[in-house]
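Printed here is coords-v7.txt (compact mmCIF, C-alpha atoms):
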# COMPACT_ATOMS: atom_id res chain seq x y z
CA MET J 26 61.24 127.54 131.69
CA LYS J 27 64.77 126.66 130.59
CA LYS J 28 63.64 126.69 126.98
CA ILE J 29 62.34 130.22 127.50
CA ALA J 30 65.70 131.28 128.94
CA PHE J 31 67.61 129.87 126.00
CA LEU J 32 65.24 131.44 123.50
CA PHE J 33 65.76 134.73 125.28
CA ILE J 34 69.51 134.36 125.05
CA ILE J 35 69.56 133.33 121.38
CA PHE J 36 66.96 135.80 120.20
CA LEU J 37 67.69 138.61 122.62
CA THR J 38 68.49 141.08 119.93
CA THR J 39 65.61 140.09 117.65
CA THR J 40 63.12 141.19 120.28
CA PHE J 41 64.64 144.61 120.85
CA SER J 42 62.09 147.21 119.91
CA ALA J 43 63.91 150.52 119.46
CA TYR J 44 66.85 151.55 117.30
CA CYS J 45 69.80 152.73 119.36
CA GLN J 46 72.64 155.12 118.55
CA ASP J 47 76.04 154.24 119.95
CA THR J 48 78.88 155.70 117.91
CA LYS J 49 81.63 154.08 120.01
CA SER J 50 80.37 150.67 118.98
CA ASP J 51 79.76 151.46 115.29
CA PHE J 52 83.20 150.30 114.20
CA ASN J 53 82.83 147.09 116.18
CA ALA J 54 79.36 146.48 114.72
CA ASN J 55 80.72 146.80 111.19
CA GLU J 56 83.58 144.42 111.99
CA LEU J 57 81.24 141.90 113.58
CA GLY J 58 80.29 140.50 110.17
CA LYS J 59 83.92 139.71 109.43
CA GLU J 60 84.30 138.06 112.81
CA ALA J 61 81.23 135.89 112.14
CA PHE J 62 82.55 135.16 108.64
CA ASN J 63 85.80 133.88 110.17
CA ILE J 64 83.79 131.54 112.39
CA LEU J 65 82.09 130.16 109.27
CA LYS J 66 85.30 129.95 107.28
CA GLU J 67 86.75 127.66 109.95
CA LEU J 68 83.59 125.59 110.37
CA ASP J 69 85.01 122.43 108.73
CA LYS J 70 88.07 122.58 110.98
CA SER J 71 86.14 123.49 114.12
CA SER J 72 84.97 121.13 116.80
CA GLU J 73 81.82 121.73 118.78
CA LYS J 74 84.03 123.03 121.59
CA ASP J 75 85.81 125.44 119.22
CA PHE J 76 82.45 126.81 118.06
CA ILE J 77 81.22 127.27 121.63
CA ASN J 78 84.44 129.05 122.59
CA LYS J 79 84.03 131.61 119.79
CA LEU J 80 80.70 132.76 121.23
CA TYR J 81 79.82 134.75 124.32
CA SER J 82 79.58 132.10 127.05
CA LEU J 83 76.65 131.37 129.32
CA GLN J 84 78.74 132.42 132.33
CA GLU J 85 79.46 135.76 130.66
CA ILE J 86 75.78 136.19 129.78
CA LYS J 87 74.77 135.44 133.38
CA ALA J 88 77.31 137.90 134.78
CA PHE J 89 76.24 140.61 132.35
CA ILE J 90 72.50 140.09 132.93
CA ASN J 91 72.99 140.09 136.71
CA LYS J 92 74.75 143.48 136.48
CA LYS J 93 71.58 144.82 134.88
CA LEU J 94 69.35 144.33 137.93
CA ASP J 95 67.59 147.64 137.31
CA THR J 96 66.61 146.89 133.73
CA VAL J 97 66.35 143.12 133.13
CA PRO J 98 63.10 141.63 134.46
CA SER J 99 63.68 139.26 137.38
CA GLU J 100 61.88 136.37 135.63
CA ILE J 101 64.35 136.50 132.74
CA ARG J 102 67.33 136.73 135.11
CA GLU J 103 66.04 133.76 137.10
CA ASN J 104 65.49 131.66 133.97
CA ILE J 105 68.95 132.42 132.67
CA ASN J 106 70.56 131.77 136.05
CA GLN J 107 68.82 128.38 136.26
CA MET J 108 70.14 127.24 132.89
CA THR J 109 73.08 124.87 133.14
CA THR J 110 76.19 125.06 131.02
CA GLU J 111 75.37 121.61 129.64
CA GLU J 112 71.90 122.73 128.51
CA TYR J 113 73.30 125.84 126.90
CA HIS J 114 76.10 123.96 125.17
CA LYS J 115 73.62 121.43 123.80
CA LYS J 116 71.55 124.21 122.22
CA VAL J 117 74.64 125.89 120.74
CA ILE J 118 75.96 122.54 119.46
CA ASP J 119 72.60 121.92 117.80
CA GLU J 120 73.02 125.22 115.92
CA PHE J 121 76.60 124.27 114.98
CA ASN J 122 75.51 120.88 113.67
CA ASP J 123 72.62 122.44 111.77
CA LEU J 124 74.98 124.90 110.04
CA LYS J 125 77.24 122.01 109.03
CA LYS J 126 74.31 119.85 107.89
CA VAL J 127 72.70 122.55 105.75
CA GLY J 128 76.14 123.54 104.45
CA LYS J 129 76.67 119.96 103.34
CA GLN J 130 73.27 119.92 101.61
CA TYR J 131 74.36 123.02 99.64
CA SER J 132 77.84 121.52 99.03
CA ILE J 133 79.50 124.49 100.71
CA ASP J 134 83.27 124.26 101.03
CA TRP J 135 83.67 126.43 104.12
CA ASN J 136 87.38 126.93 103.46
CA SER J 137 86.69 128.66 100.14
CA ILE J 138 83.72 130.86 101.00
CA GLU J 139 83.97 134.56 100.13
CA TYR J 140 82.71 137.44 102.24
CA SER J 141 80.05 139.54 100.50
CA ASP J 142 78.18 141.75 102.94
CA PHE J 143 76.99 142.25 106.49
CA THR J 144 73.90 144.28 107.28
CA TYR J 145 72.52 144.76 110.74
CA GLU J 146 69.99 146.54 112.83
CA LYS J 147 70.88 147.84 116.27
CA ARG J 148 68.16 147.40 118.84
CA GLU J 149 67.48 148.10 122.49
CA GLU J 150 65.03 146.78 125.06
CA SER J 151 64.98 146.92 128.84
CA GLY J 152 68.37 148.63 128.93
CA LEU J 153 70.03 145.87 126.88
CA LYS J 154 71.56 146.78 123.54
CA GLY J 155 72.44 144.45 120.74
CA LEU J 156 72.09 143.77 117.08
CA ARG J 157 70.72 141.28 114.65
CA GLY J 158 72.63 140.96 111.44
CA GLU J 159 72.62 139.08 108.18
CA LEU J 160 75.95 137.91 106.88
CA VAL J 161 76.04 137.22 103.15
CA PHE J 162 78.78 135.03 101.73
CA LYS J 163 79.39 133.23 98.46
CA SER J 164 80.27 129.65 97.74
CA GLN J 165 80.63 128.38 94.18
CA ASN J 166 78.97 131.51 92.77
CA GLU J 167 75.89 131.09 94.99
CA ALA J 168 75.02 133.56 97.74
CA TYR J 169 74.03 132.40 101.22
CA ILE J 170 72.86 134.15 104.36
CA VAL J 171 73.36 133.36 108.04
CA ASP J 172 71.90 135.24 110.97
CA VAL J 173 74.22 136.75 113.56
CA GLU J 174 72.98 137.74 117.00
CA ALA J 175 75.15 139.91 119.24
CA ILE J 176 74.87 141.78 122.52
CA LEU J 177 76.61 145.05 123.35
CA VAL J 178 78.84 144.71 126.40
CA GLU J 179 80.83 147.80 127.42
CA ASP J 180 80.93 149.24 123.87
CA ILE J 181 81.91 145.92 122.25
CA TYR J 182 79.52 143.61 120.44
CA GLU J 183 79.86 140.00 121.53
CA ILE J 184 78.56 137.28 119.21
CA MET J 185 75.97 135.16 120.93
CA ILE J 186 75.15 132.88 117.99
CA VAL J 187 75.65 132.38 114.26
CA THR J 188 72.64 130.49 112.99
CA ILE J 189 70.09 129.67 110.27
CA LEU J 190 71.86 129.13 106.96
CA VAL J 191 69.73 129.74 103.86
CA LYS J 192 70.41 130.27 100.19
CA LYS J 193 69.89 133.93 99.28
CA GLY J 194 66.54 134.32 97.59
CA ASN J 195 65.00 131.62 99.81
CA HIS J 196 65.15 133.90 102.85

Rendering of file as structure tokens:
Amino acid sequence: MKKIAFLFIIFLTTTFSAYCQDTKSDFNANELGKEAFNILKELDKSSEKDFINKLYSLQEIKAFINKKLDTVPSEIRENINQMTTEEYHKKVIDEFNDLKKVGKQYSIDWNSIEYSDFTYEKREESGLKGLRGELVFKSQNEAYIVDVEAILVEDIYEIMIVTILVKKGNH
């Protein structure tokens, strides 16, 4: 059950089914790629705790989901509320370590990466709005992609996770 809750949290925006229009958040959505890029750029200098602190926390997710009693199914709310901070941090740390590991395999110098592009799709399901984006950056003349998942909270997109590093063309 706790695995289901975490998967819901991490992939919340990938399961949204309908495109949503929210002009107040458009600027923030466009800037989200740069915010995620800054997280990557500091990856070599970041600790696991630093990485966790740059993301929307489990406590914030719980508070937000519990405000949506009318729209979020009770089973999902219960699963999220049962997840402990330690469990959530372990999952996020696994993503952090995977980014660093794959980055090392590609010989990425995170300090010298260059921003290229950020594309995203806004989505909505059960009254929750968010986006799934692809951040493209360059390192040593090679292009790479990471996935960015965010949730819309009071007209501001909050990054939930930056994950899955692949070389562009292998995606």

* **Coordinates-based distance that separates CA of Glu67 (chain J) from CA of Gly194 (chain J) (Å, one decimal)** => 24.6 Å

* So how far away is CA of Ser71 (chain J) from CA of Leu160 (chain J), in Å? ->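 One can read the CA of Leu160 (chain J) to CA of Ser71 (chain J) distance as 19.1 Å.
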
* What is the CA of Leu156 (chain J) to CA of Ala54 (chain J) distance in Å? ->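 These two atoms are separated by 8.1 Å.
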
Listed atoms of region 109-116 of chain J boxed along x, y and z, 3 Å each side, centre and edge lengths in Å, one decimal, as JSON:
{"center_x": 73.9, "center_y": 123.6, "center_z": 127.7, "size_x": 10.6, "size_y": 10.4, "size_z": 16.9}

* Using all atoms listed in the file, determine which residues lie at most 10 Å from Tyr81 (chain J), disregarding the query and same-chain residues fewer than 3 positions distant; provide the list as a ChimeraX atom specification. => /J:77-78,84-86,175-176,182-186

* Asked: So, counting only C-alpha atoms, which residue among J:Leu124, J:Leu153, J:Val187, J:Val117 is closest to Lys93 (chain J)?
  ->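 Looking at the shortest contact to Lys93 (chain J), the residue is J:Leu153.
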
* Choose the residue, out of J:Asn91, J:Lys193, J:Ser132, J:Glu179, that has the smallest atom-to-atom separation from Glu159 (chain J); count all atoms listed in the file. =>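 Looking at the shortest contact to Glu159 (chain J), the residue is J:Lys193.
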
* To do: Rank J:Gln130, J:Asn106, J:Gln165, J:Asn55 by their smallest atom-to-atom distance to Lys147 (chain J), using only C-alpha atoms, and report the top residue only.
  => J:Asn55

* Choose the residue, out of J:Met108, J:Val161, J:Ala88, J:Ile133, that has the smallest atom-to-atom separation from Leu68 (chain J); count all atoms listed in the file. => J:Ile133

Region 168-179 of chain J rebuilt with all heavy atoms, output as a PDB file, in the coordinates of the input:
ATOM      1  N   ALA J 168      75.012 132.730  96.538  1.00  0.00           N
ATOM      2  CA  ALA J 168      75.020 133.560  97.740  1.00  0.00           C
ATOM      3  C   ALA J 168      74.180 132.890  98.835  1.00  0.00           C
ATOM      4  O   ALA J 168      73.115 132.323  98.562  1.00  0.00           O
ATOM      5  CB  ALA J 168      74.468 134.944  97.437  1.00  0.00           C
ATOM      6  N   TYR J 169      74.688 132.975 100.053  1.00  0.00           N
ATOM      7  CA  TYR J 169      74.030 132.400 101.220  1.00  0.00           C
ATOM      8  C   TYR J 169      73.984 133.432 102.333  1.00  0.00           C
ATOM      9  O   TYR J 169      74.793 134.354 102.371  1.00  0.00           O
ATOM     10  CB  TYR J 169      74.793 131.162 101.713  1.00  0.00           C
ATOM     11  CG  TYR J 169      74.851 130.075 100.675  1.00  0.00           C
ATOM     12  CD1 TYR J 169      75.919 130.006  99.785  1.00  0.00           C
ATOM     13  CD2 TYR J 169      73.836 129.138 100.561  1.00  0.00           C
ATOM     14  CE1 TYR J 169      75.976 129.025  98.813  1.00  0.00           C
ATOM     15  CE2 TYR J 169      73.883 128.148  99.583  1.00  0.00           C
ATOM     16  CZ  TYR J 169      74.951 128.094  98.714  1.00  0.00           C
ATOM     17  OH  TYR J 169      74.997 127.123  97.752  1.00  0.00           O
ATOM     18  N   ILE J 170      73.041 133.232 103.235  1.00  0.00           N
ATOM     19  CA  ILE J 170      72.860 134.150 104.360  1.00  0.00           C
ATOM     20  C   ILE J 170      72.835 133.355 105.660  1.00  0.00           C
ATOM     21  O   ILE J 170      72.225 132.285 105.721  1.00  0.00           O
ATOM     22  CB  ILE J 170      71.518 134.919 104.235  1.00  0.00           C
ATOM     23  CG1 ILE J 170      71.487 135.746 102.960  1.00  0.00           C
ATOM     24  CG2 ILE J 170      71.288 135.800 105.464  1.00  0.00           C
ATOM     25  CD1 ILE J 170      70.123 136.361 102.665  1.00  0.00           C
ATOM     26  N   VAL J 171      73.495 133.873 106.676  1.00  0.00           N
ATOM     27  CA  VAL J 171      73.360 133.360 108.040  1.00  0.00           C
ATOM     28  C   VAL J 171      72.993 134.537 108.942  1.00  0.00           C
ATOM     29  O   VAL J 171      73.355 135.679 108.676  1.00  0.00           O
ATOM     30  CB  VAL J 171      74.634 132.664 108.575  1.00  0.00           C
ATOM     31  CG1 VAL J 171      74.933 131.391 107.829  1.00  0.00           C
ATOM     32  CG2 VAL J 171      75.816 133.580 108.585  1.00  0.00           C
ATOM     33  N   ASP J 172      72.264 134.234 109.980  1.00  0.00           N
ATOM     34  CA  ASP J 172      71.900 135.240 110.970  1.00  0.00           C
ATOM     35  C   ASP J 172      72.983 135.310 112.034  1.00  0.00           C
ATOM     36  O   ASP J 172      73.552 134.283 112.421  1.00  0.00           O
ATOM     37  CB  ASP J 172      70.567 134.902 111.627  1.00  0.00           C
ATOM     38  CG  ASP J 172      69.382 135.090 110.694  1.00  0.00           C
ATOM     39  OD1 ASP J 172      69.511 135.796 109.681  1.00  0.00           O
ATOM     40  OD2 ASP J 172      68.309 134.529 110.994  1.00  0.00           O
ATOM     41  N   VAL J 173      73.244 136.517 112.499  1.00  0.00           N
ATOM     42  CA  VAL J 173      74.220 136.750 113.560  1.00  0.00           C
ATOM     43  C   VAL J 173      73.513 137.550 114.642  1.00  0.00           C
ATOM     44  O   VAL J 173      72.922 138.593 114.358  1.00  0.00           O
ATOM     45  CB  VAL J 173      75.453 137.526 113.036  1.00  0.00           C
ATOM     46  CG1 VAL J 173      76.432 137.797 114.165  1.00  0.00           C
ATOM     47  CG2 VAL J 173      76.106 136.794 111.882  1.00  0.00           C
ATOM     48  N   GLU J 174      73.573 137.050 115.861  1.00  0.00           N
ATOM     49  CA  GLU J 174      72.980 137.740 117.000  1.00  0.00           C
ATOM     50  C   GLU J 174      74.120 138.162 117.922  1.00  0.00           C
ATOM     51  O   GLU J 174      75.017 137.361 118.215  1.00  0.00           O
ATOM     52  CB  GLU J 174      72.034 136.817 117.767  1.00  0.00           C
ATOM     53  CG  GLU J 174      70.950 136.181 116.931  1.00  0.00           C
ATOM     54  CD  GLU J 174      69.858 137.135 116.514  1.00  0.00           C
ATOM     55  OE1 GLU J 174      69.694 138.187 117.180  1.00  0.00           O
ATOM     56  OE2 GLU J 174      69.175 136.839 115.525  1.00  0.00           O
ATOM     57  N   ALA J 175      74.093 139.409 118.374  1.00  0.00           N
ATOM     58  CA  ALA J 175      75.150 139.910 119.240  1.00  0.00           C
ATOM     59  C   ALA J 175      74.560 140.818 120.314  1.00  0.00           C
ATOM     60  O   ALA J 175      73.502 141.410 120.125  1.00  0.00           O
ATOM     61  CB  ALA J 175      76.195 140.658 118.434  1.00  0.00           C
ATOM     62  N   ILE J 176      75.273 140.913 121.417  1.00  0.00           N
ATOM     63  CA  ILE J 176      74.870 141.780 122.520  1.00  0.00           C
ATOM     64  C   ILE J 176      75.996 142.782 122.761  1.00  0.00           C
ATOM     65  O   ILE J 176      77.174 142.449 122.615  1.00  0.00           O
ATOM     66  CB  ILE J 176      74.559 140.945 123.784  1.00  0.00           C
ATOM     67  CG1 ILE J 176      73.940 141.813 124.870  1.00  0.00           C
ATOM     68  CG2 ILE J 176      75.773 140.197 124.269  1.00  0.00           C
ATOM     69  CD1 ILE J 176      73.332 141.014 126.013  1.00  0.00           C
ATOM     70  N   LEU J 177      75.631 144.005 123.093  1.00  0.00           N
ATOM     71  CA  LEU J 177      76.610 145.050 123.350  1.00  0.00           C
ATOM     72  C   LEU J 177      77.017 145.016 124.824  1.00  0.00           C
ATOM     73  O   LEU J 177      76.186 145.170 125.716  1.00  0.00           O
ATOM     74  CB  LEU J 177      76.037 146.427 123.008  1.00  0.00           C
ATOM     75  CG  LEU J 177      76.996 147.604 123.107  1.00  0.00           C
ATOM     76  CD1 LEU J 177      78.139 147.469 122.108  1.00  0.00           C
ATOM     77  CD2 LEU J 177      76.250 148.916 122.880  1.00  0.00           C
ATOM     78  N   VAL J 178      78.303 144.781 125.047  1.00  0.00           N
ATOM     79  CA  VAL J 178      78.840 144.710 126.400  1.00  0.00           C
ATOM     80  C   VAL J 178      79.999 145.701 126.475  1.00  0.00           C
ATOM     81  O   VAL J 178      81.029 145.516 125.832  1.00  0.00           O
ATOM     82  CB  VAL J 178      79.353 143.285 126.733  1.00  0.00           C
ATOM     83  CG1 VAL J 178      79.932 143.241 128.131  1.00  0.00           C
ATOM     84  CG2 VAL J 178      78.250 142.259 126.545  1.00  0.00           C
ATOM     85  N   GLU J 179      79.800 146.779 127.237  1.00  0.00           N
ATOM     86  CA  GLU J 179      80.830 147.800 127.420  1.00  0.00           C
ATOM     87  C   GLU J 179      81.421 148.258 126.083  1.00  0.00           C
ATOM     88  O   GLU J 179      82.633 148.212 125.866  1.00  0.00           O
ATOM     89  CB  GLU J 179      81.911 147.287 128.368  1.00  0.00           C
ATOM     90  CG  GLU J 179      81.363 146.997 129.750  1.00  0.00           C
ATOM     91  CD  GLU J 179      82.405 146.469 130.709  1.00  0.00           C
ATOM     92  OE1 GLU J 179      83.606 146.706 130.483  1.00  0.00           O
ATOM     93  OE2 GLU J 179      82.011 145.830 131.693  1.00  0.00           O
TER      94      GLU J 179
END
